[in-house]
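Participant: So that we are looking at the same thing, I have put the structure below in structure tokens.
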Amino acid sequence: MADPLRIRVNGRDWPVRASPDTPLLYVLTNELELHGPRFGCGLAQCGSCSVLADGVEIRSCVTPVAAVANRSITTLEGLPAWYAEQKGLSSPPALHPLQQAFIDVQALHCGYCYNGMTVKGAELLANNPSPSEADIRKTMNGHLCRCGTYPRVMKAIQLAARAIAGGTP
Amino acid sequence: MSEPAAQSLGQAGSRLSRRKLLKAGGALIVGFAFAGQATAAPAAATARGTLAGPPDPERIDTWLAIHADNTATLYFGKCELGQGNTTGLLQIAGEELDLAMSQMAAVRLDTNVTPDQQATSSSSSIERGGPQVRAAAAEARQALLLRASQKLGVQVGSLVVAKGVVSIDGEPNRSVTYGELIGDKPFAIKFTGTAPRKPPSQYKLVGTRVPRVDIPDKVAGKYVHMQHVRVANMLHGRVVRPRGQRAYGSGAKVKDLDEGSIAHIPGARVVRRGDFVGVVAEREWDAIRAAKELKIAWQDPPLLPEQPHLPIVLRDAQSTDTVVVNVGNVDAGFAGAAHVASARFFSPYQAHAVFGPNCALADVKADGALVLSSTQDVYASRKMLATLLGMPDERVRVQYYEGSGTYGHSCYEDAPQAAAIMSQAVGRPVRVQFMRWDELGWDNYGPAQVAAVRAAVDDDGNIIAYTYDGWQHGWHTDETSTELALQKTPPERSAGSFSIIVNRMSTGSMYRIANRRVTSHAVPMAGLLKGSPLRSPLDMALSFASEQTIDELAFAVKMDPFEFRRKNMGDTRWLGVLEAVAKAASWIPAPAASRRSHAEIVTGRGIAVGTHHVSYGAAVAEIEVNTRSGTIVAKRLYGALDCGLAVNPALVENQIVGMLVQATSRMLKEEVTFDHNGVTSLDWASYPVLRFAEHPDCTPIVVQRIDEPSSGAGEEVMGAAGAAIANAFFDATGARLRQYPLTPERVRAALAGRNTGN
Ligand code: FES
Ligand code: FES
């Protein structure tokens with residue numbers, strides 16, 4: 001038998017038991033038992049399942065696991081370490097600054113959409129350290145929230161941008 | 001902190017072992033050990049959970065336990081839905097007990113553990129759940145002080161408490177802790193409800209902006225939503241149904257089913273009971289594939305009406321009519337009118353559109369069942385499951401795990417019933433998650449409504465007559481899984497508690513109107529879509545129709561719409577929210593549509609009031625209308641809410657922001673669509689909701705009334721916000737939209753109508 005498929009998630013290698021066509025989401029939730037990525041639509045329409053692949057947000061619900069075999073996956077759980085790496089910090093903070101900002105502005109209701117909000121927001125802040133309101137609206141537009149927390153996601157991203165600029169780990 | 005508290009909401013591991021799953025004891029045949037209790041030594045705690053509930057509400061021990069380390073565990077019967085009610089209820093308990101937030105935790109709802117406080121619906125957690133918690137905490141405190149007085153040898157009156165440390169007033173060194181007084185032993189006293197409560201003027205914790213207890217874990221990805229739970233030996237299940245529900249009452253009847261069509265999928269098998277069809281597989285993706293690839297043919301359904309004909313169908317149905325309000329003499333009132341406004345309005349079916357589809361896990365054995373779900377009422381859920389499984393209620397244990405914000409009766413009972421049917425059939429635990437199309441297509445929708453509103457003013461701008469007639473159907477009683485499995489024709493409910501009646505509060509009650517009649521026309525649900533409560537049931541429809549009519553009266557007498565409302569209001573609490581919202585929005589009086597421009601993009605502002613059954617809501621909307629494309633953008637919304645004593649104003653503000661955004665979504669975008677065969681809005685493209693780029697800036701205003709009882713805070717701004725947007729459209733364009741959602745097509749049609757003089 002050929003070597004089993006392996007994927008790299010949050011800096012660790014994992015063997016994959018699922019068939020190669022299985023969407024990454026089901027490997028992350030059922031084999032790695034991660035709580036970050038979660039099912040919302042399975043149609044790449046909502047952002048619930050988002051993860052970073054080599055730092056770029058993708059929808060794990062429609063990405064076959066075999067397609068990410070050579071890429072480095074970061075999930076919600078790995079964002080603090082991913083941030084530390086970018087900033088050259090010696091150890092990861094407990095939370096990514098955006099996660100802290102979500103607490104500071106008490107943004108969430110059910111919190112189900114916050115995997116996507118956090119992953120996409122972190123990607124945005126990595127690419128654009130001081131996003132305008134228009135930048136945030138545009139970038140975050142693929143992430144739905146039924147509870148209507150968009151205004152506070154906006155506030156939190158702006159707050160996190162200021163915190164990062166101020167040198168917050 | 002003691003074990004039960006430490007493993008409370010959100011911290012239980014998501015993979016529960018088979019050993020715990022099989023742990024038997026007393027009437028509990030099957031069951032995960034209740035989170036935390038397997039390791040909790042104290043006798044009082046281990047006894048909990050072994051017997052089917054509800055525990056006796058007349059015992060203090062049902063409501064709380066004090067641990068040796070001076071912490072407390074609270075047992076609430078209201079569930080966390082993301083609205084923060086756990087935090088609010090802990091504040092109430094902590095206030096009466098004089099405990100700090102860090103000393104308390106609540107446990108998840110569980111029919112073997114938590115008291116029956118009825119459904120977590122109608123924004124009742126703080127309003128109706130709060131007083132019980134407050135009374136129980138006050139009574140526990142009284143019992144603790146009695147013990148302390150014996151221990152310290154002084155009268156109760158000379159004791160003071162801070163953070164669970166009881167001391168003699170003026171002698172802080174002579175003290176004893178709650179933990180030392182009772183430490184994990186039962187109170188063993190009756191809950192009489194007679195202990196004195198603190199007067200609101202002495203509140204230290206209630207009324208403050210305590211941060212939500214559930215947020216840190218949710219942010220960190222450590223929270224356990226229902227969708228995260230996995231157990232050993234579990235199968236993944238999916239339901240197999242026609243895509244999109246059919247005419248209500250006819251279910252979906254299997255014509256042909258080819259089980260061999262999924263033979264190529266490893267471990268996949270079909271579960272069938274009556275017309276209920278599901279598939280299970282060892283791996284989730286295989287279950288999803290099997291559900292998709294199973295060859296199944298359904299009998300042709302009875303036809304639904306053409307969607308555009310729905311208003312006529314509702315209006316012409318054989319209805320059961322109830323006069324909800326009848327004061328004065330409406331005919332005489334209209335006879336003396338200077339101006340009359342009269343129009344028909346239409347509100348669509350709308351979906352709960354839960355962001356993460358419902359999920360549930362069931363483990364059904366011959367002699368008992370354990371079911372995990374996101375039900376808003378664990379005891380009602382247990383009863384339905386017991387009937388479906390053919391077991392006595394006490395053999396079924398239901399545990400609540402928060403799902404994705406539901407805003408009413410989504411598929412949160414349907415999913416656990418599907419899981420239970422499949423687990424009973426295969427003899428293993430089954431986890432079912434609905435697919436996007438299952439959740440949107442088989443939801444229990446907020447019913448559509450046709451309204452006819454007529455209102456009159458005299459020359460001085462006094463509203464002198466008002467009638468509201470609403471035609472809508474009611475709510476379902478049986479879940480789809482039950483209907484299909486038992487091949488039941490559901491009972492019709494066009495009267496009684498499952499019919500929704502036009503709400504008197506939202507239909508003119510806020511104004512002094514001498515002659516007012518409100519009539520509810522209950523239409524049969526059969527042959528239409530399945531209905532159920534959706535956040536602020538019917539109130540968006542009511543306010544949309546009623547508050548636009550009020551606006552038309554103001555326009556007729558050339559008055560500013562805020563001034564007109566203020567002039568016609570008598571109640572100080574309605575005036576309070578109206579004035580608060582106008583002030584926040586820096587409202588400068590001017591009649592509506594008096595500042596119109598001819599630019600391509602025009603702006604407008606609107607004001608409206610509304611509520612659910614209690615509390616007082618008001619909103620202002622500022623919008624932009626692109627007169628060429630017909631697109632409306634809600635730029636800024638203000639929402640004011642008076643919910644009596646706001647236990648935690650920050651939670652209420654968060655609710656208001658959520659309501660403003662969700663109401664904008666429902667007013668501008670949402671409509672369930674269907675063709676003759678069934679529902680066709682099955683994903684986020686066909687059932688669009690408000691997106692990030694489209695959200696308004698939101699300003700929440702809490703009108704705090706510390707001496708009034710707390711009332712609902714999760715629904716009461718929806719109606720006002722929607723109607724404010726509709727009124728803003730008139731202000732911007734001089735045209736009225738009497739059907740929502742206010743889509744670009746409808747906007748263009750309305751503007752074309754105006755230009756042709758209609
Ligand atoms: S679950 Fe992947 S985008 Fe919705
Ligand atoms: S917080 Fe509930 S879906 Fe966004």
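Residue numbering restarts at 1 for every chain of the structure tokens, chains are lettered A, B, ... in their displayed order, and ligands are numbered from 1 as they appear.
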Could you give me, as a Markdown table, every chain A residue with an atom at most 6 Å from ligand 2, plus its closest atom pair and distance in Å to one decimal, counting only C-alpha atoms and all ligand atoms, rows ordered by chain then number?
Facilitator:
| residue | atom | partner | partner_atom_place_in_ligand_line | distance |
| --- | --- | --- | --- | --- |
| A:Leu108 | CA | ligand 2 | 1 (S) | 4.8 |
| A:His109 | CA | ligand 2 | 1 (S) | 4.2 |
| A:Cys110 | CA | ligand 2 | 2 (Fe) | 4.0 |
| A:Gly111 | CA | ligand 2 | 1 (S) | 4.0 |
| A:Tyr112 | CA | ligand 2 | 2 (Fe) | 5.2 |
| A:Cys113 | CA | ligand 2 | 4 (Fe) | 4.3 |
| A:Cys145 | CA | ligand 2 | 4 (Fe) | 3.7 |
| A:Arg146 | CA | ligand 2 | 3 (S) | 4.3 |
| A:Cys147 | CA | ligand 2 | 2 (Fe) | 4.3 |
| A:Thr149 | CA | ligand 2 | 1 (S) | 6.0 |
Participant: For the selection just defined, write its residues with N, CA, C and O atoms to a file, as a PDB file, in the first residue's frame.
Facilitator:
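Heads up, here's the output in out_2.pdb:
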ATOM      1  N   LEU A 108     -19.516  38.493  20.331  1.00  0.00           N
ATOM      2  CA  LEU A 108     -20.250  37.311  19.889  1.00  0.00           C
ATOM      3  C   LEU A 108     -21.651  37.192  20.467  1.00  0.00           C
ATOM      4  O   LEU A 108     -21.924  37.687  21.556  1.00  0.00           O
ATOM      5  N   HIS A 109     -22.471  36.478  19.744  1.00  0.00           N
ATOM      6  CA  HIS A 109     -23.683  35.917  20.339  1.00  0.00           C
ATOM      7  C   HIS A 109     -23.429  34.417  20.475  1.00  0.00           C
ATOM      8  O   HIS A 109     -22.757  33.991  21.387  1.00  0.00           O
ATOM      9  N   CYS A 110     -23.949  33.622  19.505  1.00  0.00           N
ATOM     10  CA  CYS A 110     -23.721  32.176  19.625  1.00  0.00           C
ATOM     11  C   CYS A 110     -22.264  31.822  19.366  1.00  0.00           C
ATOM     12  O   CYS A 110     -21.774  30.808  19.825  1.00  0.00           O
ATOM     13  N   GLY A 111     -21.602  32.652  18.590  1.00  0.00           N
ATOM     14  CA  GLY A 111     -20.193  32.419  18.325  1.00  0.00           C
ATOM     15  C   GLY A 111     -19.898  31.387  17.250  1.00  0.00           C
ATOM     16  O   GLY A 111     -18.732  31.129  16.949  1.00  0.00           O
ATOM     17  N   TYR A 112     -20.922  30.823  16.676  1.00  0.00           N
ATOM     18  CA  TYR A 112     -20.683  29.745  15.702  1.00  0.00           C
ATOM     19  C   TYR A 112     -19.920  30.262  14.484  1.00  0.00           C
ATOM     20  O   TYR A 112     -19.064  29.582  13.947  1.00  0.00           O
ATOM     21  N   CYS A 113     -20.230  31.476  14.046  1.00  0.00           N
ATOM     22  CA  CYS A 113     -19.573  32.013  12.846  1.00  0.00           C
ATOM     23  C   CYS A 113     -18.178  32.546  13.132  1.00  0.00           C
ATOM     24  O   CYS A 113     -17.505  33.011  12.229  1.00  0.00           O
ATOM     25  N   CYS A 145     -23.105  36.127   9.335  1.00  0.00           N
ATOM     26  CA  CYS A 145     -23.411  35.977  10.757  1.00  0.00           C
ATOM     27  C   CYS A 145     -24.909  36.157  10.920  1.00  0.00           C
ATOM     28  O   CYS A 145     -25.433  37.239  10.665  1.00  0.00           O
ATOM     29  N   ARG A 146     -25.592  35.095  11.341  1.00  0.00           N
ATOM     30  CA  ARG A 146     -27.038  35.179  11.497  1.00  0.00           C
ATOM     31  C   ARG A 146     -27.420  35.997  12.720  1.00  0.00           C
ATOM     32  O   ARG A 146     -28.501  36.570  12.787  1.00  0.00           O
ATOM     33  N   CYS A 147     -26.549  36.028  13.715  1.00  0.00           N
ATOM     34  CA  CYS A 147     -26.880  36.749  14.945  1.00  0.00           C
ATOM     35  C   CYS A 147     -26.729  38.253  14.775  1.00  0.00           C
ATOM     36  O   CYS A 147     -27.068  39.015  15.669  1.00  0.00           O
ATOM     37  N   THR A 149     -23.852  40.159  14.290  1.00  0.00           N
ATOM     38  CA  THR A 149     -22.771  40.781  15.061  1.00  0.00           C
ATOM     39  C   THR A 149     -21.769  41.542  14.193  1.00  0.00           C
ATOM     40  O   THR A 149     -20.714  41.943  14.677  1.00  0.00           O
TER      41      THR A 149
END
Participant: List as a count of residues only the protein and nucleic acid residues lying within 10 Å of ligand 1, with only C-alpha atoms and all ligand atoms counted.
Facilitator: 35
Participant: Output as an NGL selection string the set of chain B residues within 7 Å of chain A, with distances taken over only C-alpha atoms.
Facilitator: :B and (81-83 or 215-216 or 218-219 or 221-222 or 228 or 284-285 or 354-357 or 404-405 or 435-436 or 658 or 661-662 or 684 or 691-693 or 695 or 697-698)
Participant: Can you work out the spacing between atom CA of A:Val9 and atom CA of A:Asn70 in Å, to one decimal?
Facilitator: 10.8 Å
Participant: For atom CA of B:Gly170 and atom CA of B:Asn70, determine how far apart the two atoms are, in Å to one decimal place.
Facilitator: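 Between atom CA of B:Gly170 and atom CA of B:Asn70 the gap is 22.0 Å.
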Participant: Quote the spacing between atom CA of B:Asp316 and atom CA of B:Pro533 in Å to one decimal place.
Facilitator: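 For atom CA of B:Asp316 relative to atom CA of B:Pro533, the distance reads 23.3 Å.
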Participant: Write out as a list in words the set of residues from chain A that DSSP, computed on the backbone, places in strand (DSSP E or B).
Facilitator: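 Output for chain A, strand (DSSP E or B) only: Arg6, Ile7, Arg8, Val9, Arg12, Asp13, Trp14, Pro15, Pro23, Ser50, Val51, Leu52, Ala53, Val56, Glu57, Ile58, Arg59, Pro64, Ser72, Ile73 and Thr74 of chain A.
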Participant: Let me make sure I understand: among B:Val160, B:Ala419, B:Val229, B:Leu668, which one has the smallest atom-to-atom distance to B:Thr631 if we use only C-alpha atoms?
Facilitator: B:Leu668
Participant: Hey, which of A:Pro4, A:Gly88, A:Gly167, A:Gly121 ends up closest to A:Gly55? Count only C-alpha atoms.
Facilitator: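 When distances to A:Gly55 are compared using only C-alpha atoms, the smallest one comes from A:Gly121.
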Participant: Report as a PyMOL selection string all protein, DNA and RNA residues lying within 8 Å of B:Ile725, evaluated on only C-alpha atoms, omitting residues in the same chain fewer than 6 positions from it.
Facilitator: chain B and resi 605-607+620-623+634+664+667
Participant: With all heavy atoms retained, write the just-selected residues as a JSON list (two decimals), in the first residue's frame.
Facilitator:
[["chain", "number", "residue", "atom", "x", "y", "z"],
["B", 605, "ARG", "N", -34.89, 59.08, 6.28],
["B", 605, "ARG", "CA", -34.84, 58.60, 7.66],
["B", 605, "ARG", "C", -36.26, 58.26, 8.08],
["B", 605, "ARG", "O", -37.24, 58.85, 7.58],
["B", 605, "ARG", "CB", -34.26, 59.67, 8.58],
["B", 605, "ARG", "CG", -35.13, 60.91, 8.50],
["B", 605, "ARG", "CD", -34.96, 61.86, 9.64],
["B", 605, "ARG", "NE", -36.14, 62.74, 9.67],
["B", 605, "ARG", "CZ", -36.25, 63.82, 10.41],
["B", 605, "ARG", "NH1", -35.25, 64.19, 11.17],
["B", 605, "ARG", "NH2", -37.35, 64.53, 10.40],
["B", 606, "GLY", "N", -36.38, 57.29, 8.95],
["B", 606, "GLY", "CA", -37.70, 56.90, 9.41],
["B", 606, "GLY", "C", -37.65, 56.56, 10.88],
["B", 606, "GLY", "O", -36.59, 56.22, 11.42],
["B", 607, "ILE", "N", -38.81, 56.66, 11.51],
["B", 607, "ILE", "CA", -38.90, 56.34, 12.94],
["B", 607, "ILE", "C", -40.10, 55.42, 13.12],
["B", 607, "ILE", "O", -41.06, 55.49, 12.34],
["B", 607, "ILE", "CB", -39.03, 57.64, 13.79],
["B", 607, "ILE", "CG1", -38.89, 57.34, 15.28],
["B", 607, "ILE", "CG2", -40.34, 58.37, 13.50],
["B", 607, "ILE", "CD1", -38.63, 58.59, 16.12],
["B", 620, "VAL", "N", -34.87, 54.26, 14.85],
["B", 620, "VAL", "CA", -34.70, 55.22, 13.76],
["B", 620, "VAL", "C", -33.79, 54.58, 12.73],
["B", 620, "VAL", "O", -32.80, 53.93, 13.10],
["B", 620, "VAL", "CB", -34.09, 56.55, 14.26],
["B", 620, "VAL", "CG1", -33.62, 57.41, 13.09],
["B", 620, "VAL", "CG2", -35.11, 57.33, 15.11],
["B", 621, "ALA", "N", -34.15, 54.74, 11.47],
["B", 621, "ALA", "CA", -33.31, 54.20, 10.38],
["B", 621, "ALA", "C", -32.92, 55.33, 9.44],
["B", 621, "ALA", "O", -33.75, 56.19, 9.12],
["B", 621, "ALA", "CB", -34.07, 53.13, 9.61],
["B", 622, "GLU", "N", -31.67, 55.32, 9.03],
["B", 622, "GLU", "CA", -31.20, 56.24, 7.99],
["B", 622, "GLU", "C", -30.74, 55.38, 6.81],
["B", 622, "GLU", "O", -29.89, 54.50, 6.98],
["B", 622, "GLU", "CB", -30.03, 57.08, 8.52],
["B", 622, "GLU", "CG", -30.47, 58.00, 9.66],
["B", 622, "GLU", "CD", -29.31, 58.65, 10.41],
["B", 622, "GLU", "OE1", -28.15, 58.44, 10.02],
["B", 622, "GLU", "OE2", -29.58, 59.36, 11.40],
["B", 623, "ILE", "N", -31.33, 55.63, 5.66],
["B", 623, "ILE", "CA", -31.05, 54.76, 4.52],
["B", 623, "ILE", "C", -30.68, 55.56, 3.27],
["B", 623, "ILE", "O", -30.90, 56.77, 3.20],
["B", 623, "ILE", "CB", -32.27, 53.86, 4.16],
["B", 623, "ILE", "CG1", -33.44, 54.69, 3.61],
["B", 623, "ILE", "CG2", -32.73, 53.05, 5.37],
["B", 623, "ILE", "CD1", -34.53, 53.86, 2.95],
["B", 634, "ALA", "N", -29.12, 50.28, 4.22],
["B", 634, "ALA", "CA", -29.37, 50.80, 5.57],
["B", 634, "ALA", "C", -28.04, 51.30, 6.10],
["B", 634, "ALA", "O", -27.13, 50.51, 6.34],
["B", 634, "ALA", "CB", -29.94, 49.71, 6.46],
["B", 664, "THR", "N", -32.88, 44.34, 9.72],
["B", 664, "THR", "CA", -32.50, 44.89, 8.41],
["B", 664, "THR", "C", -32.46, 43.78, 7.38],
["B", 664, "THR", "O", -32.96, 43.92, 6.25],
["B", 664, "THR", "CB", -31.12, 45.58, 8.51],
["B", 664, "THR", "OG1", -31.19, 46.59, 9.51],
["B", 664, "THR", "CG2", -30.72, 46.20, 7.18],
["B", 667, "MET", "N", -35.99, 42.74, 6.56],
["B", 667, "MET", "CA", -36.75, 43.76, 5.84],
["B", 667, "MET", "C", -36.25, 43.93, 4.41],
["B", 667, "MET", "O", -37.03, 44.18, 3.50],
["B", 667, "MET", "CB", -36.61, 45.08, 6.62],
["B", 667, "MET", "CG", -37.49, 46.22, 6.17],
["B", 667, "MET", "SD", -39.27, 45.88, 5.96],
["B", 667, "MET", "CE", -39.75, 45.10, 7.49]]
Participant: Considering only C-alpha atoms, return as an NGL selection string whatever protein or nucleic-acid residues lie within 9 Å of B:Tyr75, sequence-local ones (same chain, fewer than 4 positions apart) excluded.
Facilitator: :B and (62-65 or 105-109 or 113-115 or 133)
Participant: Of the candidates A:Ala84, A:Val16, A:Ile164, A:Val65, which one gets nearest to A:Pro97 if we count only C-alpha atoms?
Facilitator: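 Nearest to A:Pro97: A:Ile164.
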